[in-house]
file run-v8.txt (compact mmCIF, C-alpha atoms)
# COMPACT_ATOMS: atom_id res chain seq x y z
CA MET W 21 0.00 0.00 0.00
CA THR W 22 1.22 3.49 -0.76
CA VAL W 23 1.43 6.13 1.93
CA LEU W 24 -1.64 7.93 0.58
CA THR W 25 -3.86 4.83 0.52
CA SER W 26 -2.69 3.82 4.00
CA ILE W 27 -3.57 7.29 5.31
CA ARG W 28 -6.97 7.18 3.59
CA ALA W 29 -7.63 3.76 5.11
CA ARG W 30 -7.05 5.15 8.59
CA LEU W 31 -9.18 8.32 8.16
CA PRO W 32 -12.93 8.18 8.84
CA SER W 33 -15.31 8.25 5.92
CA ARG W 34 -15.84 11.36 3.78
CA ASN W 35 -19.07 12.26 5.56
CA TRP W 36 -17.62 11.80 9.01
CA SER W 37 -14.58 13.86 8.03
CA ILE W 38 -16.84 16.68 6.89
CA PHE W 39 -18.80 16.47 10.14
CA TRP W 40 -15.76 16.42 12.43
CA GLY W 41 -14.04 19.10 10.38
CA LEU W 42 -16.97 21.50 10.64
CA THR W 43 -17.69 20.80 14.30
CA SER W 44 -14.12 21.14 15.45
CA SER W 45 -13.47 24.32 13.47
CA LEU W 46 -16.64 26.02 14.75
CA SER W 47 -16.10 24.98 18.33
CA GLY W 48 -12.41 25.85 18.08
CA ALA W 49 -13.26 29.34 16.81
CA ALA W 50 -15.80 29.81 19.59
CA CYS W 51 -13.50 28.56 22.35
CA TYR W 52 -10.59 30.69 21.14
CA ASP W 53 -12.80 33.77 21.01
CA LYS W 54 -14.21 33.22 24.49
CA TYR W 55 -10.73 32.63 25.91
CA GLN W 56 -9.48 35.86 24.35
CA LEU W 57 -12.59 37.64 25.63
CA GLY W 58 -11.69 36.51 29.14
CA GLN W 59 -8.17 37.91 28.61
CA VAL W 60 -9.56 41.26 27.45
CA ARG W 61 -11.80 41.44 30.49
CA ALA W 62 -8.88 40.60 32.78
CA GLU W 63 -6.88 43.36 31.11
CA LEU W 64 -9.65 45.91 31.67
CA ASP W 65 -10.03 44.67 35.25
CA GLN W 66 -6.36 45.30 35.90
CA ALA W 67 -6.55 48.75 34.32
CA THR W 68 -9.33 49.76 36.73
CA ALA W 69 -7.78 48.18 39.83
CA ALA W 70 -6.32 51.48 41.02
CA LEU W 71 -9.76 53.09 40.93
CA ARG W 72 -11.61 50.45 42.90
CA ASN W 73 -8.90 50.00 45.53
CA GLU W 74 -8.97 53.66 46.55
CA ILE W 75 -9.97 54.24 50.15
CA CYS W 76 -13.56 55.44 50.52
CA LYS W 77 -14.64 56.92 53.84
CA PRO W 78 -18.24 56.33 54.93
CA THR W 79 -18.99 60.03 54.35
CA ASP W 80 -17.68 59.95 50.75
CA THR W 81 -19.81 59.07 47.75
CA PRO W 82 -18.40 57.39 44.64
CA ARG W 83 -18.29 59.16 41.30
CA ARG W 84 -21.67 59.27 39.56
CA ILE W 85 -22.62 59.10 35.92
CA ARG W 86 -25.91 58.89 34.06
CA VAL W 87 -26.10 56.39 31.24
CA TYR W 88 -28.69 56.71 28.51
CA VAL W 89 -29.25 53.37 26.81
CA ALA W 90 -31.07 53.04 23.49
CA PRO W 91 -34.56 51.57 23.87
CA THR W 92 -34.14 48.21 22.17
CA HIS W 93 -33.03 44.82 23.43
CA TRP W 94 -29.61 45.11 21.86
CA GLY W 95 -28.90 48.32 23.79
CA ARG W 96 -29.51 46.68 27.15
CA TYR W 97 -27.61 43.52 26.17
CA TRP W 98 -24.72 45.55 24.78
CA PHE W 99 -24.45 47.58 27.96
CA LYS W 100 -24.60 44.51 30.20
CA GLU W 101 -22.00 42.53 28.26
CA TYR W 102 -19.38 45.13 27.41
CA VAL W 103 -19.86 48.31 29.42
CA LYS W 104 -21.20 47.19 32.80
CA PRO W 105 -18.18 45.00 33.70
CA VAL W 106 -15.87 47.98 33.25
CA PHE W 107 -18.05 50.36 35.24
CA ASP W 108 -18.46 47.85 38.04
CA ALA W 109 -14.72 47.18 38.13
CA ALA W 110 -14.06 50.92 38.35
CA ALA W 111 -16.54 51.34 41.24
CA LEU W 112 -18.61 53.94 39.38
CA ASP W 113 -22.08 54.76 40.60
CA TYR W 114 -24.05 54.70 37.37
CA GLU W 115 -27.74 55.34 36.88
CA ILE W 116 -29.22 53.78 33.76
CA LEU W 117 -32.04 55.56 31.98
CA GLU W 118 -33.71 53.52 29.31
CA PRO W 119 -36.34 55.44 27.35
CA LYS W 120 -39.37 53.76 25.85
CA VAL W 121 -39.78 56.06 22.86
CA ALA W 122 -37.47 58.39 21.00
CA GLY W 123 -37.38 61.86 22.48
CA GLN W 124 -37.45 60.89 26.15
CA VAL W 125 -33.68 61.11 26.52
CA ARG W 126 -33.69 64.62 25.12
CA ASP W 127 -36.52 65.60 27.50
CA SER W 128 -34.66 64.12 30.45
CA VAL W 129 -31.39 65.96 29.62
CA ARG W 130 -33.24 69.22 29.07
CA GLU W 131 -35.05 68.81 32.36
CA LEU W 132 -31.76 68.18 34.15
CA LEU W 133 -30.21 71.39 32.82
CA TRP W 134 -33.31 73.42 33.62
CA THR W 135 -33.27 72.02 37.17
CA GLY W 136 -29.63 73.05 37.38
CA LYS W 137 -30.51 76.58 36.32
CA ASP W 138 -33.31 76.77 38.91
CA GLU W 139 -31.05 75.53 41.69
CA HIS W 140 -28.30 77.94 40.66
CA ARG W 141 -30.77 80.84 40.76
CA ALA W 142 -32.09 79.71 44.16
CA ARG W 143 -28.57 79.47 45.54
CA ALA W 144 -27.62 82.91 44.21
CA ALA W 145 -30.82 84.41 45.61
CA SER W 146 -30.29 82.95 49.08
CA GLY W 147 -26.78 84.46 49.24
CA HIS W 148 -25.15 81.12 49.91
CA LYS W 149 -21.68 81.62 51.32
CA TYR W 150 -19.32 78.73 51.27
CA SER W 151 -17.03 78.33 54.25
CA PRO W 152 -14.76 75.38 54.87
CA PHE W 153 -16.46 74.74 58.22
CA THR W 154 -19.94 73.99 56.79
CA PRO W 155 -20.71 70.31 57.25
CA PRO W 156 -21.53 68.39 54.06
CA THR W 157 -25.24 68.44 53.21
CA PRO W 158 -27.03 65.14 53.82
CA ILE W 159 -27.53 63.04 50.71
CA LEU W 160 -31.29 63.49 50.42
CA GLU W 161 -31.01 67.27 50.54
CA ARG W 162 -28.28 67.60 47.97
CA ASP W 163 -28.95 69.38 44.68
CA LYS W 164 -30.35 67.32 41.86
CA PHE W 165 -27.97 68.84 39.33
CA ASP W 166 -24.29 68.09 39.76
CA ALA W 167 -21.78 69.23 37.16
CA GLY W 168 -19.54 66.30 38.06
CA GLU W 169 -22.18 63.77 37.03
CA GLY W 170 -21.29 62.89 33.45
CA LEU W 171 -23.88 62.11 30.80
CA VAL W 172 -23.01 59.00 28.80
CA ALA W 173 -24.89 57.89 25.70
CA VAL W 174 -24.77 54.28 24.56
CA GLY W 175 -25.44 54.30 20.84
CA PRO W 176 -25.79 57.06 18.25
CA ASN W 177 -29.54 57.52 18.78
CA ALA W 178 -29.08 58.31 22.45
CA TRP W 179 -26.01 60.44 21.61
CA ARG W 180 -27.90 62.70 19.24
CA GLU W 181 -30.72 63.05 21.73
CA VAL W 182 -28.26 63.96 24.49
CA LEU W 183 -26.64 66.63 22.31
CA ARG W 184 -30.03 68.00 21.37
CA GLY W 185 -31.10 68.04 25.00
CA VAL W 186 -27.88 69.79 26.08
CA SER W 187 -28.13 72.52 23.44
CA GLU W 188 -31.83 73.11 24.03
CA GLY W 189 -31.38 73.01 27.79
CA CYS W 190 -28.60 75.58 27.62
CA LEU W 191 -30.13 77.94 25.11
CA ALA W 192 -33.74 77.85 26.32
CA GLU W 193 -35.55 78.27 29.59
CA ARG W 194 -38.16 75.86 30.89
CA PRO W 195 -41.51 76.81 29.29
CA PRO W 196 -44.31 77.64 31.74
CA ALA W 197 -46.62 74.75 32.49
CA PRO W 198 -49.65 74.71 30.14
CA PRO W 199 -52.94 75.79 31.78
CA PRO W 200 -55.09 72.81 32.81
CA THR W 201 -57.48 71.93 29.96
CA PRO W 202 -61.13 72.19 31.03
CA GLU W 203 -62.45 68.67 31.65
CA SER W 204 -64.91 67.99 28.82
CA THR W 205 -67.88 66.15 30.34
CA PRO W 206 -68.32 62.91 28.41
CA SER W 207 -71.85 61.90 27.50
CA THR W 208 -73.10 59.29 29.95
CA THR W 209 -74.04 56.55 27.46
CA ASP W 210 -70.90 56.83 25.32
CA ALA W 211 -68.51 56.90 28.28
CA ALA W 212 -69.76 53.52 29.47
CA THR W 213 -69.03 51.81 26.15
CA ASP W 214 -65.69 53.50 25.33
CA ASP W 215 -62.45 52.13 26.80
CA PRO W 216 -60.81 54.53 29.22
CA ALA W 217 -57.60 53.99 27.22
CA ALA W 218 -59.20 54.99 23.95
CA ALA W 219 -60.65 58.10 25.54
CA LYS W 220 -57.20 59.06 26.92
CA THR W 221 -55.41 58.68 23.57
CA ALA W 222 -58.14 60.64 21.84
CA LYS W 223 -57.64 63.44 24.37
CA ALA W 224 -53.84 63.36 23.88
CA ASP W 225 -54.22 63.72 20.11
CA HIS W 226 -56.39 66.78 20.54
CA LEU W 227 -53.78 68.52 22.74
CA PRO W 228 -51.87 71.15 20.75
CA PRO W 229 -48.20 70.28 20.15
CA PRO W 230 -45.85 71.99 22.65
CA PRO W 231 -44.77 75.43 21.43
CA PRO W 232 -41.22 75.68 19.97
CA LEU W 233 -38.58 76.68 22.49
CA ASP W 234 -37.21 80.19 22.55
CA LEU W 235 -33.46 79.72 21.97
CA SER W 236 -31.07 82.51 22.85
CA CYS W 237 -27.40 82.87 23.80
CA HIS W 238 -28.36 84.87 26.88
CA ASN W 239 -29.83 81.79 28.55
CA ILE W 240 -26.56 79.88 28.59
CA PRO W 241 -25.83 78.95 32.20
CA THR W 242 -22.78 80.28 33.99
CA PHE W 243 -22.17 77.09 35.98
CA PRO W 244 -20.07 74.33 34.39
CA LEU W 245 -21.83 71.75 32.23
CA PRO W 246 -21.54 68.03 32.87
CA PRO W 247 -18.98 66.17 30.71
CA LEU W 248 -20.36 63.98 27.95
CA GLY W 249 -19.42 60.47 26.93
CA PHE W 250 -20.17 58.33 23.88
CA ILE W 251 -20.01 54.55 23.68
CA THR W 252 -20.29 52.75 20.34
CA ALA W 253 -23.24 50.44 20.05
CA ARG W 254 -24.28 48.59 16.92
CA GLN W 255 -27.84 47.84 15.92
CA GLN W 256 -28.20 44.09 15.59
CA ALA W 257 -31.88 43.48 16.35
CA GLY W 258 -34.34 42.07 13.84
CA TRP W 259 -34.20 39.39 11.16
CA THR W 260 -31.65 41.20 9.01
CA GLY W 261 -29.35 41.43 12.01
CA PHE W 262 -28.91 37.64 12.26
CA PRO W 263 -25.83 37.21 10.04
CA SER W 264 -24.16 40.17 11.72
CA ARG W 265 -24.96 38.73 15.14
CA ILE W 266 -23.50 35.34 14.28
CA TYR W 267 -20.31 36.93 12.97
CA HIS W 268 -20.00 39.18 16.00
CA TRP W 269 -20.56 36.29 18.38
CA PHE W 270 -17.47 34.61 16.95
CA THR W 271 -15.48 37.86 17.13
CA GLU W 272 -16.66 39.20 20.49
CA ARG W 273 -13.07 39.85 21.55
CA TYR W 274 -12.76 42.80 19.14
CA THR W 275 -16.06 44.34 20.24
CA ALA W 276 -15.22 43.88 23.91
CA ARG W 277 -11.84 45.54 23.37
CA GLU W 278 -13.27 48.47 21.40
CA VAL W 279 -16.23 49.15 23.67
CA GLY W 280 -14.35 48.25 26.85
CA TYR W 281 -11.62 50.82 26.20
CA GLU W 282 -14.24 53.48 25.48
CA ALA W 283 -15.90 52.64 28.79
CA LEU W 284 -12.48 52.69 30.47
CA ALA W 285 -11.88 56.23 29.20
CA ILE W 286 -15.14 57.27 30.84
CA ALA W 287 -14.26 55.42 34.03
CA LEU W 288 -10.85 57.11 34.26
CA GLY W 289 -12.56 60.48 33.93
CA ARG W 290 -10.08 62.36 31.76
CA VAL W 291 -11.78 65.00 29.63
CA ARG W 292 -10.90 66.94 26.51
CA PRO W 293 -12.71 69.89 24.90
CA PHE W 294 -15.62 69.08 22.63
CA ASN W 295 -14.68 68.97 18.96
CA ILE W 296 -17.53 70.53 17.00
CA GLN W 297 -16.41 68.98 13.70
CA THR W 298 -16.19 65.31 14.62
CA ASP W 299 -18.01 64.70 17.88
CA PRO W 300 -21.67 65.32 16.92
CA ALA W 301 -21.40 62.83 14.04
CA ARG W 302 -20.00 59.93 16.05
CA GLY W 303 -21.63 56.59 15.35
CA ALA W 304 -23.39 57.88 12.23
CA LYS W 305 -23.27 54.53 10.44
CA ASP W 306 -25.03 52.71 13.30
CA ILE W 307 -28.00 55.02 13.64
CA TYR W 308 -31.37 53.28 13.79
CA VAL W 309 -34.63 54.73 12.47
CA HIS W 310 -37.74 52.62 12.02
CA ASP W 311 -40.26 53.36 9.25
CA ASP W 312 -43.16 52.97 11.67
CA TRP W 313 -42.04 55.81 13.89
CA GLU W 314 -43.84 59.14 13.91
CA GLN W 315 -42.12 62.06 12.23
CA ARG W 316 -41.30 63.84 15.50
CA HIS W 317 -39.51 60.71 16.76
CA LYS W 318 -37.56 60.45 13.53
CA ASP W 319 -36.59 64.14 13.70
CA VAL W 320 -35.13 63.85 17.17
CA VAL W 321 -32.38 61.45 16.00
CA GLN W 322 -31.30 63.44 12.95
CA ASP W 323 -27.88 65.10 12.84
CA VAL W 324 -27.49 67.77 15.48
CA GLN W 325 -25.97 71.20 14.92
CA VAL W 326 -24.47 72.10 18.28
CA PRO W 327 -24.14 75.90 18.47
CA GLY W 328 -20.60 77.22 18.98
CA SER W 329 -21.49 79.06 22.19
CA VAL W 330 -22.59 75.79 23.80
CA ALA W 331 -19.84 73.65 22.26
CA ASP W 332 -17.15 75.91 23.73
CA ARG W 333 -18.31 74.95 27.22
CA LEU W 334 -18.65 71.22 26.66
CA TYR W 335 -16.12 68.54 27.48
CA MET W 336 -15.98 64.92 26.41
CA TYR W 337 -14.43 61.92 28.05
CA GLN W 338 -11.48 60.77 25.97
CA MET T 151 -39.94 54.04 59.95
CA SER T 152 -41.26 55.44 63.19
CA TYR T 153 -39.71 54.71 66.50
CA GLY T 154 -42.43 54.38 69.09
CA GLY T 155 -42.01 55.46 72.70
CA GLY T 156 -39.85 58.50 71.94
CA TYR T 157 -42.38 61.24 72.61
CA PRO T 158 -42.07 62.64 76.15
CA GLN T 159 -45.34 64.60 75.96
CA GLN T 160 -47.54 61.71 74.86
CA PRO T 161 -49.75 60.58 77.76
CA ARG T 162 -49.07 56.96 78.51
CA ILE T 163 -52.49 55.29 78.44
CA GLN T 164 -52.19 51.51 78.39
CA SER T 165 -48.47 51.77 79.02
CA GLY T 166 -48.16 47.99 79.00
CA VAL T 167 -49.30 47.78 75.37
CA ASN T 168 -47.13 50.72 74.33
CA MET T 169 -44.05 49.21 75.96
CA SER T 170 -44.53 45.83 74.35
CA MET T 171 -45.11 47.46 70.96
CA ALA T 172 -41.99 49.55 71.38
CA GLU T 173 -39.99 46.50 72.38
CA GLN T 174 -41.26 44.57 69.37
CA GLU T 175 -40.40 47.40 67.03
CA LEU T 176 -36.91 47.72 68.48
CA GLU T 177 -36.38 44.01 68.08
CA MET T 178 -37.60 44.14 64.46
CA VAL T 179 -35.27 46.97 63.60
CA THR T 180 -32.30 45.34 65.30
CA THR T 181 -32.94 42.03 63.50
CA LEU T 182 -33.26 43.87 60.17
CA PHE T 183 -30.01 45.74 60.79
CA ASN T 184 -28.12 42.58 61.77
CA ASN T 185 -29.43 40.68 58.74
CA ILE T 186 -28.39 43.47 56.40
CA VAL T 187 -24.92 43.66 57.92
CA ASP T 188 -24.42 39.89 57.72
CA SER T 189 -25.78 39.52 54.22
CA CYS T 190 -23.97 42.49 52.69
CA HIS T 191 -20.71 41.66 54.44
CA THR T 192 -20.80 38.14 53.01
CA LYS T 193 -21.54 39.39 49.52
CA CYS T 194 -19.36 42.46 49.23
CA ILE T 195 -16.28 42.12 51.36
CA ALA T 196 -13.55 39.65 50.47
CA THR T 197 -12.15 37.58 53.28
CA ARG T 198 -8.53 38.44 52.56
CA TYR T 199 -8.04 41.96 53.88
CA HIS T 200 -5.49 44.19 52.13
CA ASP T 201 -6.50 47.31 54.02
CA ASN T 202 -8.27 48.26 57.20
CA GLU T 203 -10.49 50.81 55.41
CA LEU T 204 -13.26 50.10 52.94
CA ASN T 205 -12.29 50.83 49.35
CA LYS T 206 -14.46 52.31 46.61
CA GLY T 207 -15.46 48.98 45.08
CA GLU T 208 -16.67 47.63 48.39
CA SER T 209 -18.47 50.90 49.21
CA VAL T 210 -20.40 50.87 45.94
CA CYS T 211 -21.28 47.22 46.48
CA ILE T 212 -22.51 47.91 49.99
CA ASP T 213 -24.62 50.89 48.84
CA ARG T 214 -26.32 48.74 46.23
CA CYS T 215 -26.73 45.77 48.58
CA VAL T 216 -28.43 47.86 51.26
CA ALA T 217 -30.67 49.65 48.76
CA LYS T 218 -31.80 46.36 47.20
CA TYR T 219 -32.31 44.74 50.59
CA PHE T 220 -34.57 47.58 51.75
CA GLU T 221 -36.53 47.56 48.54
CA VAL T 222 -37.09 43.80 48.67
CA ASN T 223 -37.97 44.03 52.36
CA MET T 224 -40.55 46.71 51.63
CA LYS T 225 -42.08 44.84 48.70
CA VAL T 226 -42.32 41.57 50.60
CA GLY T 227 -43.86 43.40 53.57
CA GLN T 228 -46.45 45.01 51.29
CA LYS T 229 -47.35 41.67 49.70
CA LEU T 230 -47.72 40.02 53.09
CA THR T 231 -49.93 42.85 54.37
CA ALA T 232 -52.07 42.65 51.22
CA GLN T 233 -52.43 38.90 51.66
CA ALA T 234 -53.27 39.27 55.34
CA ASN T 235 -55.91 41.90 54.48
CA GLN T 236 -57.35 39.67 51.78
CA GLY T 237 -57.48 36.78 54.21
CA GLN T 238 -59.27 38.97 56.73
CA GLN T 239 -61.78 40.16 54.13
CA ILE T 240 -62.62 36.65 53.02
CA VAL T 241 -63.09 35.58 56.64
call {"tool": "encode", "arguments": {"input": "run-v8.txt", "output": "structure tokens"}}
result
Amino acid sequence: MTVLTSIRARLPSRNWSIFWGLTSSLSGAACYDKYQLGQVRAELDQATAALRNEICKPTDTPRRIRVYVAPTHWGRYWFKEYVKPVFDAAALDYEILEPKVAGQVRDSVRELLWTGKDEHRARAASGHKYSPFTPPTPILERDKFDAGEGLVAVGPNAWREVLRGVSEGCLAERPPAPPPTPESTPSTTDAATDDPAAAKTAKADHLPPPPPLDLSCHNIPTFPLPPLGFITARQQAGWTGFPSRIYHWFTERYTAREVGYEALAIALGRVRPFNIQTDPARGAKDIYVHDDWEQRHKDVVQDVQVPGSVADRLYMYQ
Amino acid sequence: MSYGGGYPQQPRIQSGVNMSMAEQELEMVTTLFNNIVDSCHTKCIATRYHDNELNKGESVCIDRCVAKYFEVNMKVGQKLTAQANQGQQIV
């Protein structure tokens, strides 16, 4: 027998060879990727060790950030797999805000800045004098707005909403609350048959849209603005996302490295001035807009023009 | 949470009942405190001590542990009260 025929006699059949070949290569690729993923996580763990081993007195509070996560399953999963381990390792106190519809992140950021302006005015009016002997205020009485609390957006949708919220919050004042609409008395027979839900949505449609905000440079606050952070997040939900998800599952080590180092930059807290050319357009290729959305939800995630007067006062985590 | 028996001006009618209620409440609070300390210490603090002071990681863990414990405690208490009320109504 020649060498080749003796080898072929020892190998399993063609079908078995195909089977074992495929199985071993797929499982080998998966195992290698997961091993490397563990190494990347260990690396990030080591990089944050100095932060979490700092002494913390019982009267100190850890550094806080607010994280805005995009409102789909992939946003939450992305955050939990790649961002949360880094934040937990760095002992950051993060608060996750997950909106249900587009526009809620922008409203929340606007509201935060308007609260900051109100508190600043109240403090100035009360003639607050700082002296080194004042005891620290108890936690429940502290101000809601804190310029040290960074705003982090996971994903380009949330990022654009955050930028929009920051510029509108800076340039506009909180509009006065609308007067209470007179309760229209429903007819007795119709009210019994209608759903209460249907009646509520009908009422909401009849409400006039909120008036446009009055933007002006004079409203820009004098206190420092919170630093901003952006974390890449890819849209992988839906049927068309399947091939991309399979590929990314086998190459999780690259994603974990990319996203983990972005989260590490936020955890370390170093900031650089906002770059008006490149920063507003970050993550443009991953932006997600659904055809079923209403126009006002689609508008809120379009490209943002951050005015120069606001951009000069913004900082980003690097 | 209200601590009974701390009001010097309150007239003590049925002082026996008040005392026993105050004692019960104190015992409840002490048990709750001890359970939180035991549970959060086991979960958050490693057995090999590098330092005598708490570090940031442990502090954040303890904050979250206590907050979650209180929330669960409250929710379970509310469910039990609701069930007890339901039981009373049926009876």
call {"tool": "residues_around", "arguments": {"input": "run-v8.txt", "residues": "W:Leu248", "least_positions_apart": "2", "cutoff": "7 Å", "atoms": "all atoms listed in the file", "output": "PyMOL selection string"}}
result
chain W and resi 170-172+246+250+335-337
call {"tool": "atom_distance", "arguments": {"input": "run-v8.txt", "atom1": "atom CA of W:Gly261", "atom2": "atom CA of W:Tyr308"}}
result
12.2 Å
call {"tool": "closest_atom_pairs", "arguments": {"input": "run-v8.txt", "of": "stretch 173-209 of chain T", "to": "stretch 218-227 of chain T", "cutoff": "12 Å", "atoms": "all atoms listed in the file", "output": "JSON lines"}}
result
{"residue": "T:Val179", "atom": "CA", "partner": "T:Phe220", "partner_atom": "CA", "distance": 11.9}
{"residue": "T:Leu182", "atom": "CA", "partner": "T:Asn223", "partner_atom": "CA", "distance": 9.1}
{"residue": "T:Phe183", "atom": "CA", "partner": "T:Phe220", "partner_atom": "CA", "distance": 10.3}
{"residue": "T:Asn185", "atom": "CA", "partner": "T:Tyr219", "partner_atom": "CA", "distance": 9.5}
{"residue": "T:Ile186", "atom": "CA", "partner": "T:Tyr219", "partner_atom": "CA", "distance": 7.1}
{"residue": "T:Val187", "atom": "CA", "partner": "T:Tyr219", "partner_atom": "CA", "distance": 10.5}
{"residue": "T:Asp188", "atom": "CA", "partner": "T:Tyr219", "partner_atom": "CA", "distance": 11.7}
{"residue": "T:Ser189", "atom": "CA", "partner": "T:Tyr219", "partner_atom": "CA", "distance": 9.1}
{"residue": "T:Cys190", "atom": "CA", "partner": "T:Tyr219", "partner_atom": "CA", "distance": 8.9}
call {"tool": "closest_residue", "arguments": {"input": "run-v8.txt", "among": "T:Gln236, T:Cys194, T:Met171, T:Asn184", "to": "T:Arg214", "atoms": "only C-alpha atoms"}}
result
T:Cys194
call {"tool": "closest_residue", "arguments": {"input": "run-v8.txt", "among": "W:Cys76, W:Ala173, W:Ala67, W:Cys237", "to": "W:Ala109", "atoms": "only C-alpha atoms"}}
result
W:Ala67
call {"tool": "atom_distance", "arguments": {"input": "run-v8.txt", "atom1": "atom CA of W:Arg194", "atom2": "atom CA of W:His238"}}
result
13.9 Å
call {"tool": "closest_residue", "arguments": {"input": "run-v8.txt", "among": "T:Tyr199, T:Glu175, T:Ser165, T:Thr181", "to": "chain W", "atoms": "all atoms listed in the file"}}
result
T:Tyr199
call {"tool": "interface_residues", "arguments": {"input": "run-v8.txt", "of": "chain T", "to": "chain W", "cutoff": "6 Å", "atoms": "only C-alpha atoms", "output": "mmCIF file with C-alpha atoms, in the frame of the given file"}}
result
data_model
loop_
_atom_site.group_PDB
_atom_site.id
_atom_site.type_symbol
_atom_site.label_atom_id
_atom_site.label_comp_id
_atom_site.auth_asym_id
_atom_site.auth_seq_id
_atom_site.Cartn_x
_atom_site.Cartn_y
_atom_site.Cartn_z
ATOM 1 C CA LEU T 204 -13.260 50.100 52.940
ATOM 2 C CA ASN T 205 -12.290 50.830 49.350
ATOM 3 C CA LYS T 206 -14.460 52.310 46.610
ATOM 4 C CA GLY T 207 -15.460 48.980 45.080
#
call {"tool": "closest_residue", "arguments": {"input": "run-v8.txt", "among": "W:Gln322, W:Gln124, W:Ser33, W:Thr260", "to": "W:Pro91", "atoms": "only C-alpha atoms"}}
result
W:Gln124
call {"tool": "residues_around", "arguments": {"input": "run-v8.txt", "residues": "stretch 186-189 of chain W", "least_positions_apart": "6", "cutoff": "10 Å", "atoms": "only C-alpha atoms", "output": "PyMOL selection string"}}
result
chain W and resi 126-137+171+180+233-236+239-241+245-246+248+324-331+334
call {"tool": "residues_around", "arguments": {"input": "run-v8.txt", "residues": "W:Val87", "least_positions_apart": "2", "cutoff": "10 Å", "atoms": "all atoms listed in the file", "output": "list in words"}}
result
Arg84, Ile85, Val89, Ala90, Phe99, Tyr114, Glu115, Ile116, Leu117, Glu118, Gly170, Leu171, Val172, Ala173, Val174, Ala178, Gly249, Phe250 and Ile251 of chain W
call {"tool": "atom_distance", "arguments": {"input": "run-v8.txt", "atom1": "atom CA of W:Ala301", "atom2": "atom CA of W:Trp179"}}
result
9.2 Å
call {"tool": "closest_residue", "arguments": {"input": "run-v8.txt", "among": "W:Asp312, W:Pro105, W:Ala197, W:Thr298", "to": "W:Glu63", "atoms": "only C-alpha atoms"}}
result
W:Pro105
